[in-house]
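Working notes, beginning with the structure itself.
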Protein chains: 2
Amino acid sequence: MMLSWLYPLEKVLHSLGMEVTNKFIVIKTQIDGKPQESDFEFKTEPFSLTVKPGSNDIIIKNLYMSIDPYQINRMKTMSSSQKASEFAVGISPGKVIDAYGVGKVIASGNPKFEKDDYVVGLISWGEYSISQGFILNKLDPMGFPLTYHVGLLGLSGLTAYSGFFEICKPKKGEKVFVSAASGSVGNLVGQYAKHFGCYVVGCAGSPNKVKLLKEKLGFDEVFNYKEETDLNSTLQRYFPNGIDIYFDNVGGEMLEAAISNMNMNGRVALCGIIAEYTNAGKRAAPDLLNVIYKRITIQGFLSGDYMSLFPEFLTTTIDHLRTGKIHVLEDVSVGLEGVPSAFVGLFRGDNVGKRIVQVSLD
Amino acid sequence: MMLSWLYPLEKVLHSLGMEVTNKFIVIKTQIDGKPQESDFEFKTEPFSLTVKPGSNDIIIKNLYMSIDPYQINRMKTMSSSQKASEFAVGISPGKVIDAYGVGKVIASGNPKFEKDDYVVGLISWGEYSISQGFILNKLDPMGFPLTYHVGLLGLSGLTAYSGFFEICKPKKGEKVFVSAASGSVGNLVGQYAKHFGCYVVGCAGSPNKVKLLKEKLGFDEVFNYKEETDLNSTLQRYFPNGIDIYFDNVGGEMLEAAISNMNMNGRVALCGIIAEYTNAGKRAAPDLLNVIYKRITIQGFLSGDYMSLFPEFLTTTIDHLRTGKIHVLEDVSVGLEGVPSAFVGLFRGDNVGKRIVQVSLD
Ligand SMILES: NC(=O)c1ccc[n+]([C@@H]2O[C@H](COP(=O)([O-])OP(=O)(O)OC[C@H]3O[C@@H](n4cnc5c(N)ncnc54)[C@H](OP(=O)(O)O)[C@@H]3O)[C@@H](O)[C@H]2O)c1
Ligand SMILES: NC(=O)c1ccc[n+]([C@@H]2O[C@H](COP(=O)([O-])OP(=O)(O)OC[C@H]3O[C@@H](n4cnc5c(N)ncnc54)[C@H](OP(=O)(O)O)[C@@H]3O)[C@@H](O)[C@H]2O)c1
């Protein structure tokens with residue numbers, strides 16, 4: 001509702017080269033445990049919709065925001081390891097939070113972008129973003145909803161695709177286990193793996209998610225890990241002949257149990273460890289004798305390293321989409337105000353599929 | 001002393017097709033903590049030095065026994081993971097213990113072996129072995145001492161060579177860390193890495209070992225880990241620009257510290273985890289966020305998978321030997337009676353280099 005009047009107003013202001021008020025979200029202090037809505041606050045700032053003469057800036061109206069678990073690691077008191085990665089630059093209290101999403105260019109001093117271009121990449125948790133073009137690309141929606149470009153056809157998709165095909169190096173018929181299987185990355189890993197010809201078991205945190213993955217997404221088996229008391233024997237039950245590939249989104253105890261159930265030459269793609277993000281005491285301590293005897297490879301990866309795979313990933317995925325072979329699992333809410341709650345909900349498993357917040361109408 | 005009279009006696013007995021008494025070592029019960037000499041006992045059995053007509057057996061006089069840490073894992077109450085590997089078949093109390101070593105054929109019903117052949121492979125912790133030819137090869141000493149074929153030119157060498165070159169995939173100039181660096185595998189990893197053109201830091205458990213590795217073996221730096229209180233900052237000190245390759249022989253805290261100090265695209269070759277063999281509570285729980293952000297690969301391996309590399313390994317190593325580029329670090333004691341003490345000493349760091357027991361004179 002609120003959004004609809006913004007658009008014409010902004011248009012007027014823009015045509016006048018005027019300033020608007022940009023509402024954006026900040027953390028109040030560093031967050032070291034589970035995040036709560038009260039850890040966030042809204043700020044406003046005067047925001048110019050025109051580009052300063054000679055500047056390279058791109059002024060963007062934010063449309064769809066990707067809500068990603070890894071951001072919590074940037075909100076923590078920083079450790080040296082986090083500082084080491086360009087993907088984990090710390091978020092400071094009171095400061096704008098950059099995030100992946102889709103927007104529309106309002107004005108550009110950068111020759112690569114022009115007014116009314118759709119863009120995908122690093123924007124920010126606010127109504128407007130100002131970008132220097134760093135991790136930002138022009139977006140051709142190709143007839144798909146913009147939300148697809150936030151998840152399925154964006155980084156979540158590339159993460160699932162590159163992680164599964166490049167890191168897991170699957171062979172047809174292999175047995176694949178994926179955790180956080182109803183999540184944005186997880187559901188796609190499962191679908192890619194099924195179409196590739198693997199046997200796929202997932203785990204998720206509610207009966208509804210289990211039902212959805214089995215009945216709609218074609219997983220061979222799914223279990224609700226919250227109902228299990230001994231993950232080791234759970235996995236033994238679902239993989240009587242062992243796991244060949246574990247696509248890990250959660251870390252912690254699930255990783256330990258998976259490693260205990262892996263086959264010779266098993267591969268673990270370490271994509272994320274959400275169970276450890278908000279609980280530093282919960283570090284996985286897998287049985288490394290297993291890793292040696294079974295010649296297991298555990299490999300961490302970031303999808304950002306696989307941008308060269310993007311065209312192949314896009315072709316395959318769009319092909320699957322057009323032939324109805326991929327179900328799109330999205331969880332879209334409306335309004336910037338909902339970002340903190342959408343974010344903290346990730347750590348309670350509130351989302352089903354890709355969590356997105358629509359910030360503005362197109 | 002005792003050994004010298006055995007030889008002629010055995011010769012006589014053999015020529016008469018008679019039996020001897022074979023002394024061998026067994027465990028009294030399964031060993032789940034640190035092994036002690038009192039966990040072992042000696043048994044004797046009548047042992048025929050002739051091959052039964054029609055049998056495929058090879059009768060071997062054991063000469064040199066390889067003393068290997070992994071045997072402790074076979075002496076434990078078995079877990080499913082250990083059962084899963086052909087390299088970790090359980091050792092039962094009271095039963096003959098098979099082990100790697102060099103021997104000489106006394107009699108053979110197997111057409112691939114004949115009397116007086118040297119053999120290398122699976123023999124047993126006793127004076128004599130009987131083999132069906134499983135993991136046993138004819139050995140051409142090539143003018144080198146037989147002990148070399150137990151360590152340097154045997155499985156320790158192949159482990160160091162295949163682990164370093166195949167698993168670590170080194171590039172010249174990369175920074176390599178190796179633990180248990182004065183041990184049989186570790187000292188060779190360090191030497192291969194130096195000759196390949198890497199910067200090499202090792203750790204070992206005594207001032208003498210540190211001195212030896214630096215002064216004789218050409219390690220760039222070595223530290224005594226027992227004198228360090230915070231391994232993380234120790235490694236930061238020795239690797240101000242990070243570790244590219246960690247060749248892990250010990251697991252536990254050292255692995256955690258190494259992972260915290262690794263560079264982008266770092267590789268960990270998981271060769272052994274001796275710190276965890278006798279202390280199940282000491283499992284490494286490395287920071288997996290580091291593994292993801294730094295795209296680290298942790299890979300378990302067994303040298304037995306790299307037999308196809310044996311000729312290349314042998315050529316390179318013999319070449320290094322002949323040009324004086326490799327120092328041979330051996331720790332040889334005499335007499336079967338010393339096997340239990342040689343073995344338990346591995347877990348106290350008593351050995352410097354390849355631990356071998358000479359069981360008989362040639
Ligand atoms: N390496 C990369 O390049 C890369 C890129 C994107 C994402 N990631 C990582 O991949 C993982 C999935 O990301 P995503 O964007 O697809 O998020 P997501 O899976 O859509 O959302 C997170 C899900 O994780 C599950 N979860 C939350 N807390 C958990 C816990 N303590 N134990 C087990 N499961 C828990 C919840 O589902 P349940 O109902 O099943 O509990 C929740 O829905 C994350 O770890 C993320 O950091 C990595
Ligand atoms: N994957 C394979 O194919 C393969 C093949 C052979 C061996 N291995 C493994 O490689 C490793 C080395 O084997 P090796 O035959 O060369 O033995 P080794 O290193 O010659 O002997 C063991 C050494 O480990 C060190 N050590 C003992 N307890 C320790 C602890 N709690 N923490 C740290 N260091 C400790 C001691 O030296 P310090 O004085 O430094 O403490 C000791 O000398 C072992 O883990 C073994 O199981 C693997």
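Starting from 1 in every chain, residues are counted up; chains themselves are A, B, ... following the order of the structure tokens, and ligands are numbered from 1 as listed.
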
If you count only C-alpha atoms and all ligand atoms, which residues end up within 6 Å of ligand 1, as a PyMOL selection string? chain A and resi 68-70+156+159+180+183-186+204-206+249-250+271-275+301-303+346-351+353-354

For chain B, report every residue with an atom at most 7 Å from chain A (counting only C-alpha atoms), formatted as an mmCIF file with all heavy atoms, in the first residue's frame.
data_model
loop_
_atom_site.group_PDB
_atom_site.id
_atom_site.type_symbol
_atom_site.label_atom_id
_atom_site.label_comp_id
_atom_site.auth_asym_id
_atom_site.auth_seq_id
_atom_site.Cartn_x
_atom_site.Cartn_y
_atom_site.Cartn_z
ATOM 1 N N SER B 81 33.413 -47.204 11.238
ATOM 2 C CA SER B 81 34.292 -46.544 10.279
ATOM 3 C C SER B 81 35.565 -47.349 10.073
ATOM 4 O O SER B 81 36.092 -47.452 8.975
ATOM 5 C CB SER B 81 34.656 -45.153 10.772
ATOM 6 O OG SER B 81 35.491 -45.241 11.900
ATOM 7 N N SER B 85 37.288 -49.967 6.244
ATOM 8 C CA SER B 85 38.487 -49.886 5.424
ATOM 9 C C SER B 85 39.288 -51.165 5.474
ATOM 10 O O SER B 85 39.497 -51.757 6.531
ATOM 11 C CB SER B 85 39.358 -48.731 5.925
ATOM 12 O OG SER B 85 40.640 -48.839 5.354
ATOM 13 N N SER B 260 43.104 -22.042 10.889
ATOM 14 C CA SER B 260 42.927 -20.614 11.182
ATOM 15 C C SER B 260 43.997 -19.756 10.514
ATOM 16 O O SER B 260 43.852 -18.543 10.433
ATOM 17 C CB SER B 260 42.969 -20.371 12.692
ATOM 18 O OG SER B 260 41.834 -20.955 13.275
ATOM 19 N N LEU B 270 45.174 -34.680 4.761
ATOM 20 C CA LEU B 270 44.936 -35.362 6.026
ATOM 21 C C LEU B 270 45.559 -36.747 5.921
ATOM 22 O O LEU B 270 44.976 -37.668 5.346
ATOM 23 C CB LEU B 270 43.426 -35.448 6.267
ATOM 24 C CG LEU B 270 42.958 -35.389 7.708
ATOM 25 C CD1 LEU B 270 43.453 -34.130 8.402
ATOM 26 C CD2 LEU B 270 41.437 -35.428 7.758
ATOM 27 N N CYS B 271 46.768 -36.847 6.471
ATOM 28 C CA CYS B 271 47.533 -38.093 6.376
ATOM 29 C C CYS B 271 47.298 -38.947 7.608
ATOM 30 O O CYS B 271 47.074 -40.142 7.514
ATOM 31 C CB CYS B 271 49.013 -37.753 6.229
ATOM 32 S SG CYS B 271 50.087 -39.181 6.273
ATOM 33 N N ARG B 283 39.136 -34.518 19.505
ATOM 34 C CA ARG B 283 38.818 -34.279 18.096
ATOM 35 C C ARG B 283 38.957 -32.828 17.687
ATOM 36 O O ARG B 283 38.485 -31.933 18.386
ATOM 37 C CB ARG B 283 37.388 -34.683 17.836
ATOM 38 C CG ARG B 283 37.236 -36.155 17.617
ATOM 39 C CD ARG B 283 35.945 -36.392 16.871
ATOM 40 N NE ARG B 283 35.641 -37.795 16.821
ATOM 41 C CZ ARG B 283 34.441 -38.270 16.534
ATOM 42 N NH1 ARG B 283 33.453 -37.431 16.291
ATOM 43 N NH2 ARG B 283 34.234 -39.564 16.486
ATOM 44 N N ALA B 284 39.555 -32.634 16.544
ATOM 45 C CA ALA B 284 39.674 -31.285 15.989
ATOM 46 C C ALA B 284 38.298 -30.746 15.623
ATOM 47 O O ALA B 284 37.478 -31.461 15.049
ATOM 48 C CB ALA B 284 40.550 -31.316 14.742
ATOM 49 N N ALA B 285 38.059 -29.498 15.982
ATOM 50 C CA ALA B 285 36.822 -28.817 15.583
ATOM 51 C C ALA B 285 37.232 -27.505 14.919
ATOM 52 O O ALA B 285 37.103 -26.434 15.495
ATOM 53 C CB ALA B 285 35.935 -28.570 16.805
ATOM 54 N N ASN B 290 36.150 -20.432 8.162
ATOM 55 C CA ASN B 290 37.433 -20.251 7.496
ATOM 56 C C ASN B 290 37.559 -21.129 6.265
ATOM 57 O O ASN B 290 38.085 -20.714 5.239
ATOM 58 C CB ASN B 290 38.559 -20.669 8.455
ATOM 59 C CG ASN B 290 39.237 -19.482 9.057
ATOM 60 O OD1 ASN B 290 39.530 -18.537 8.348
ATOM 61 N ND2 ASN B 290 39.471 -19.536 10.349
ATOM 62 N N VAL B 291 37.113 -22.376 6.409
ATOM 63 C CA VAL B 291 37.218 -23.325 5.292
ATOM 64 C C VAL B 291 36.387 -22.818 4.111
ATOM 65 O O VAL B 291 36.803 -22.916 2.959
ATOM 66 C CB VAL B 291 36.779 -24.742 5.740
ATOM 67 C CG1 VAL B 291 36.788 -25.711 4.569
ATOM 68 C CG2 VAL B 291 37.683 -25.243 6.860
ATOM 69 N N ILE B 292 35.235 -22.245 4.410
ATOM 70 C CA ILE B 292 34.377 -21.722 3.338
ATOM 71 C C ILE B 292 34.980 -20.437 2.756
ATOM 72 O O ILE B 292 35.234 -20.350 1.553
ATOM 73 C CB ILE B 292 32.952 -21.438 3.859
ATOM 74 C CG1 ILE B 292 32.292 -22.735 4.326
ATOM 75 C CG2 ILE B 292 32.113 -20.773 2.762
ATOM 76 C CD1 ILE B 292 30.943 -22.554 5.002
ATOM 77 N N TYR B 293 35.212 -19.460 3.613
ATOM 78 C CA TYR B 293 35.678 -18.160 3.110
ATOM 79 C C TYR B 293 36.992 -18.266 2.366
ATOM 80 O O TYR B 293 37.240 -17.537 1.416
ATOM 81 C CB TYR B 293 35.823 -17.155 4.260
ATOM 82 C CG TYR B 293 34.510 -16.599 4.718
ATOM 83 C CD1 TYR B 293 34.244 -16.380 6.076
ATOM 84 C CD2 TYR B 293 33.507 -16.278 3.800
ATOM 85 C CE1 TYR B 293 33.032 -15.874 6.498
ATOM 86 C CE2 TYR B 293 32.291 -15.772 4.216
ATOM 87 C CZ TYR B 293 32.053 -15.571 5.563
ATOM 88 O OH TYR B 293 30.847 -15.074 5.978
ATOM 89 N N ARG B 295 38.080 -21.012 0.890
ATOM 90 C CA ARG B 295 37.997 -22.087 -0.118
ATOM 91 C C ARG B 295 39.072 -23.128 0.147
ATOM 92 O O ARG B 295 39.881 -23.467 -0.735
ATOM 93 C CB ARG B 295 38.213 -21.540 -1.527
ATOM 94 C CG ARG B 295 37.178 -20.564 -2.003
ATOM 95 C CD ARG B 295 37.356 -19.186 -1.488
ATOM 96 N NE ARG B 295 36.888 -18.174 -2.449
ATOM 97 C CZ ARG B 295 36.829 -16.896 -2.172
ATOM 98 N NH1 ARG B 295 37.157 -16.443 -0.958
ATOM 99 N NH2 ARG B 295 36.421 -16.063 -3.100
ATOM 100 N N ILE B 296 39.087 -23.621 1.378
ATOM 101 C CA ILE B 296 40.085 -24.615 1.766
ATOM 102 C C ILE B 296 39.576 -26.013 1.408
ATOM 103 O O ILE B 296 38.389 -26.289 1.519
ATOM 104 C CB ILE B 296 40.370 -24.504 3.282
ATOM 105 C CG1 ILE B 296 41.055 -23.163 3.588
ATOM 106 C CG2 ILE B 296 41.200 -25.685 3.784
ATOM 107 C CD1 ILE B 296 41.168 -22.837 5.067
ATOM 108 N N THR B 297 40.483 -26.857 0.965
ATOM 109 C CA THR B 297 40.154 -28.261 0.729
ATOM 110 C C THR B 297 40.882 -29.115 1.759
ATOM 111 O O THR B 297 42.094 -28.989 1.930
ATOM 112 C CB THR B 297 40.598 -28.698 -0.677
ATOM 113 O OG1 THR B 297 39.968 -27.848 -1.631
ATOM 114 C CG2 THR B 297 40.187 -30.142 -0.960
ATOM 115 N N ILE B 298 40.115 -29.960 2.432
ATOM 116 C CA ILE B 298 40.688 -30.908 3.389
ATOM 117 C C ILE B 298 40.469 -32.294 2.797
ATOM 118 O O ILE B 298 39.330 -32.683 2.556
ATOM 119 C CB ILE B 298 39.962 -30.818 4.749
ATOM 120 C CG1 ILE B 298 40.033 -29.388 5.295
ATOM 121 C CG2 ILE B 298 40.538 -31.825 5.743
ATOM 122 C CD1 ILE B 298 39.154 -29.164 6.525
ATOM 123 N N GLN B 299 41.555 -32.996 2.570
ATOM 124 C CA GLN B 299 41.390 -34.273 1.867
ATOM 125 C C GLN B 299 42.106 -35.402 2.582
ATOM 126 O O GLN B 299 43.321 -35.330 2.820
ATOM 127 C CB GLN B 299 41.917 -34.120 0.428
ATOM 128 C CG GLN B 299 41.549 -35.285 -0.454
ATOM 129 C CD GLN B 299 41.870 -35.052 -1.922
ATOM 130 O OE1 GLN B 299 42.262 -33.947 -2.317
ATOM 131 N NE2 GLN B 299 41.720 -36.073 -2.723
ATOM 132 N N GLY B 300 41.358 -36.423 2.921
ATOM 133 C CA GLY B 300 41.949 -37.613 3.505
ATOM 134 C C GLY B 300 42.488 -38.504 2.395
ATOM 135 O O GLY B 300 41.921 -38.549 1.309
ATOM 136 N N PHE B 301 43.576 -39.192 2.680
ATOM 137 C CA PHE B 301 44.116 -40.081 1.638
ATOM 138 C C PHE B 301 44.847 -41.260 2.280
ATOM 139 O O PHE B 301 45.248 -41.198 3.443
ATOM 140 C CB PHE B 301 45.068 -39.319 0.704
ATOM 141 C CG PHE B 301 46.410 -39.036 1.320
ATOM 142 C CD1 PHE B 301 47.516 -39.816 1.016
ATOM 143 C CD2 PHE B 301 46.563 -38.011 2.241
ATOM 144 C CE1 PHE B 301 48.758 -39.579 1.603
ATOM 145 C CE2 PHE B 301 47.804 -37.765 2.839
ATOM 146 C CZ PHE B 301 48.898 -38.549 2.511
ATOM 147 N N LEU B 302 44.990 -42.311 1.516
ATOM 148 C CA LEU B 302 45.803 -43.455 1.927
ATOM 149 C C LEU B 302 46.795 -43.722 0.814
ATOM 150 O O LEU B 302 46.426 -43.776 -0.367
ATOM 151 C CB LEU B 302 44.934 -44.686 2.162
ATOM 152 C CG LEU B 302 44.028 -44.682 3.402
ATOM 153 C CD1 LEU B 302 43.235 -45.981 3.480
ATOM 154 C CD2 LEU B 302 44.829 -44.487 4.690
#

Where does DSSP see helix (DSSP H, G or I) in segment 139-257 of chain B, if you list the residues as a ChimeraX atom specification? /B:146-150,155-167,184-196,207-215,225-227,231-238,252-257

Rounded to one decimal place, report the atom CA of Phe219 of chain B-atom 6 (C, counted along the ligand's line) of ligand 2 distance in Å. 20.7 Å

If we count only C-alpha atoms, what is near segment 48-52 of chain B at a cut-off of 7 Å, once residues fewer than 2 positions away on the same chain are taken out, given as a PyMOL selection string? chain B and resi 14+17-20+46+54-55+57+59+106-109

Give me a file of those residues, with N, CA and C atoms, as a PDB file, in the first residue's frame.
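After the write, out_6.pdb holds the following:
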ATOM      1  N   HIS B  14      65.486 -76.548   8.385  1.00  0.00           N
ATOM      2  CA  HIS B  14      64.836 -76.414   7.105  1.00  0.00           C
ATOM      3  C   HIS B  14      65.229 -77.559   6.171  1.00  0.00           C
ATOM      4  N   GLY B  17      63.315 -80.297   6.659  1.00  0.00           N
ATOM      5  CA  GLY B  17      61.869 -80.123   6.515  1.00  0.00           C
ATOM      6  C   GLY B  17      61.164 -80.103   7.849  1.00  0.00           C
ATOM      7  N   MET B  18      61.870 -79.595   8.840  1.00  0.00           N
ATOM      8  CA  MET B  18      61.335 -79.673  10.190  1.00  0.00           C
ATOM      9  C   MET B  18      60.596 -78.425  10.625  1.00  0.00           C
ATOM     10  N   GLU B  19      60.050 -78.493  11.772  1.00  0.00           N
ATOM     11  CA  GLU B  19      59.368 -77.381  12.397  1.00  0.00           C
ATOM     12  C   GLU B  19      60.313 -76.588  13.290  1.00  0.00           C
ATOM     13  N   VAL B  20      60.024 -75.297  13.417  1.00  0.00           N
ATOM     14  CA  VAL B  20      60.701 -74.482  14.425  1.00  0.00           C
ATOM     15  C   VAL B  20      59.640 -73.957  15.378  1.00  0.00           C
ATOM     16  N   PRO B  46      54.349 -73.877  17.168  1.00  0.00           N
ATOM     17  CA  PRO B  46      55.166 -74.681  16.256  1.00  0.00           C
ATOM     18  C   PRO B  46      54.940 -74.146  14.839  1.00  0.00           C
ATOM     19  N   GLY B  54      50.932 -78.703  -2.702  1.00  0.00           N
ATOM     20  CA  GLY B  54      49.724 -78.130  -3.314  1.00  0.00           C
ATOM     21  C   GLY B  54      49.319 -76.777  -2.752  1.00  0.00           C
ATOM     22  N   SER B  55      49.986 -76.338  -1.669  1.00  0.00           N
ATOM     23  CA  SER B  55      49.584 -75.054  -1.089  1.00  0.00           C
ATOM     24  C   SER B  55      50.299 -73.904  -1.792  1.00  0.00           C
ATOM     25  N   ASP B  57      51.230 -71.197  -0.159  1.00  0.00           N
ATOM     26  CA  ASP B  57      51.831 -70.403   0.920  1.00  0.00           C
ATOM     27  C   ASP B  57      53.266 -69.975   0.631  1.00  0.00           C
ATOM     28  N   ILE B  59      56.514 -69.017   2.962  1.00  0.00           N
ATOM     29  CA  ILE B  59      57.056 -69.028   4.323  1.00  0.00           C
ATOM     30  C   ILE B  59      58.193 -68.006   4.359  1.00  0.00           C
ATOM     31  N   ILE B 106      61.717 -68.395   2.796  1.00  0.00           N
ATOM     32  CA  ILE B 106      62.340 -69.658   3.189  1.00  0.00           C
ATOM     33  C   ILE B 106      61.853 -70.775   2.270  1.00  0.00           C
ATOM     34  N   ALA B 107      60.595 -70.732   1.965  1.00  0.00           N
ATOM     35  CA  ALA B 107      60.005 -71.741   1.071  1.00  0.00           C
ATOM     36  C   ALA B 107      58.760 -71.137   0.458  1.00  0.00           C
ATOM     37  N   SER B 108      58.431 -71.537  -0.748  1.00  0.00           N
ATOM     38  CA  SER B 108      57.262 -70.947  -1.397  1.00  0.00           C
ATOM     39  C   SER B 108      56.526 -71.951  -2.273  1.00  0.00           C
ATOM     40  N   GLY B 109      55.216 -71.995  -2.115  1.00  0.00           N
ATOM     41  CA  GLY B 109      54.381 -72.773  -3.014  1.00  0.00           C
ATOM     42  C   GLY B 109      53.771 -71.875  -4.064  1.00  0.00           C
TER      43      GLY B 109
END

So which bits of segment 93-327 of chain A end up strand (DSSP E or B) when you DSSP the backbone, as a count of residues only? 61

Identify, on the basis of only C-alpha atoms, every residue whose closest approach to His327 of chain A does not exceed 12 Å; exclude the query and any residue fewer than 6 positions from it along the same chain; express the result as a PDB file with C-alpha atoms, in the first residue's frame.
ATOM      1  CA  TYR A 148      13.739 -15.176 -10.024  1.00  0.00           C
ATOM      2  CA  LEU A 152      16.831 -19.137  -8.697  1.00  0.00           C
ATOM      3  CA  SER A 182      13.835 -26.515   1.766  1.00  0.00           C
ATOM      4  CA  SER A 184      16.972 -21.350  -1.240  1.00  0.00           C
ATOM      5  CA  ASN A 187      15.989 -27.021  -2.701  1.00  0.00           C
ATOM      6  CA  LEU A 188      17.845 -26.279  -5.916  1.00  0.00           C
ATOM      7  CA  VAL A 189      20.698 -28.637  -5.099  1.00  0.00           C
ATOM      8  CA  GLY A 190      18.111 -31.353  -4.622  1.00  0.00           C
ATOM      9  CA  GLN A 191      16.392 -30.549  -7.892  1.00  0.00           C
ATOM     10  CA  TYR A 192      19.629 -30.357  -9.900  1.00  0.00           C
ATOM     11  CA  HIS A 195      17.532 -34.210 -12.784  1.00  0.00           C
ATOM     12  CA  LEU A 212       6.594 -30.216   0.010  1.00  0.00           C
ATOM     13  CA  LEU A 213      10.049 -31.507  -0.885  1.00  0.00           C
ATOM     14  CA  GLU A 215       5.596 -34.353  -3.113  1.00  0.00           C
ATOM     15  CA  LYS A 216       6.380 -31.303  -5.194  1.00  0.00           C
ATOM     16  CA  LEU A 217      10.137 -31.261  -5.674  1.00  0.00           C
ATOM     17  CA  GLY A 218      10.734 -34.939  -6.243  1.00  0.00           C
ATOM     18  CA  PHE A 219      13.225 -35.645  -3.454  1.00  0.00           C
ATOM     19  CA  THR A 317      18.311 -23.581 -15.413  1.00  0.00           C
ATOM     20  CA  ILE A 318      16.128 -21.666 -17.865  1.00  0.00           C
ATOM     21  CA  HIS A 320      14.654 -26.709 -16.786  1.00  0.00           C
ATOM     22  CA  LEU A 321      12.258 -23.851 -16.035  1.00  0.00           C
ATOM     23  CA  GLY A 353      12.619 -21.404  -0.279  1.00  0.00           C
ATOM     24  CA  LYS A 354      14.301 -18.177  -1.269  1.00  0.00           C
TER      25      LYS A 354
END

What's the 10 Å shell around Val222 of chain A, counting only C-alpha atoms, without same-chain residues fewer than 3 positions away, as a list in words?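 After dropping sequence-adjacent residues, the list is Phe177, Val178, Ser179, Ala181, Ser182, Val200, Val201, Gly202, Cys203, Ala204, Pro207, Lys209, Val210, Lys211, Leu212, Leu213, Lys214, Gly218, Phe219, Tyr225 and Tyr238 of chain A.
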
Please provide the set of residues having any atom within 12 Å of Ser129 of chain B, restricted to only C-alpha atoms, with same-chain residues fewer than 3 positions apart removed, written as number ranges by chain. B: 21-25, 45, 47-49, 57-63, 65, 96-108, 119-126, 132-133, 136, 359
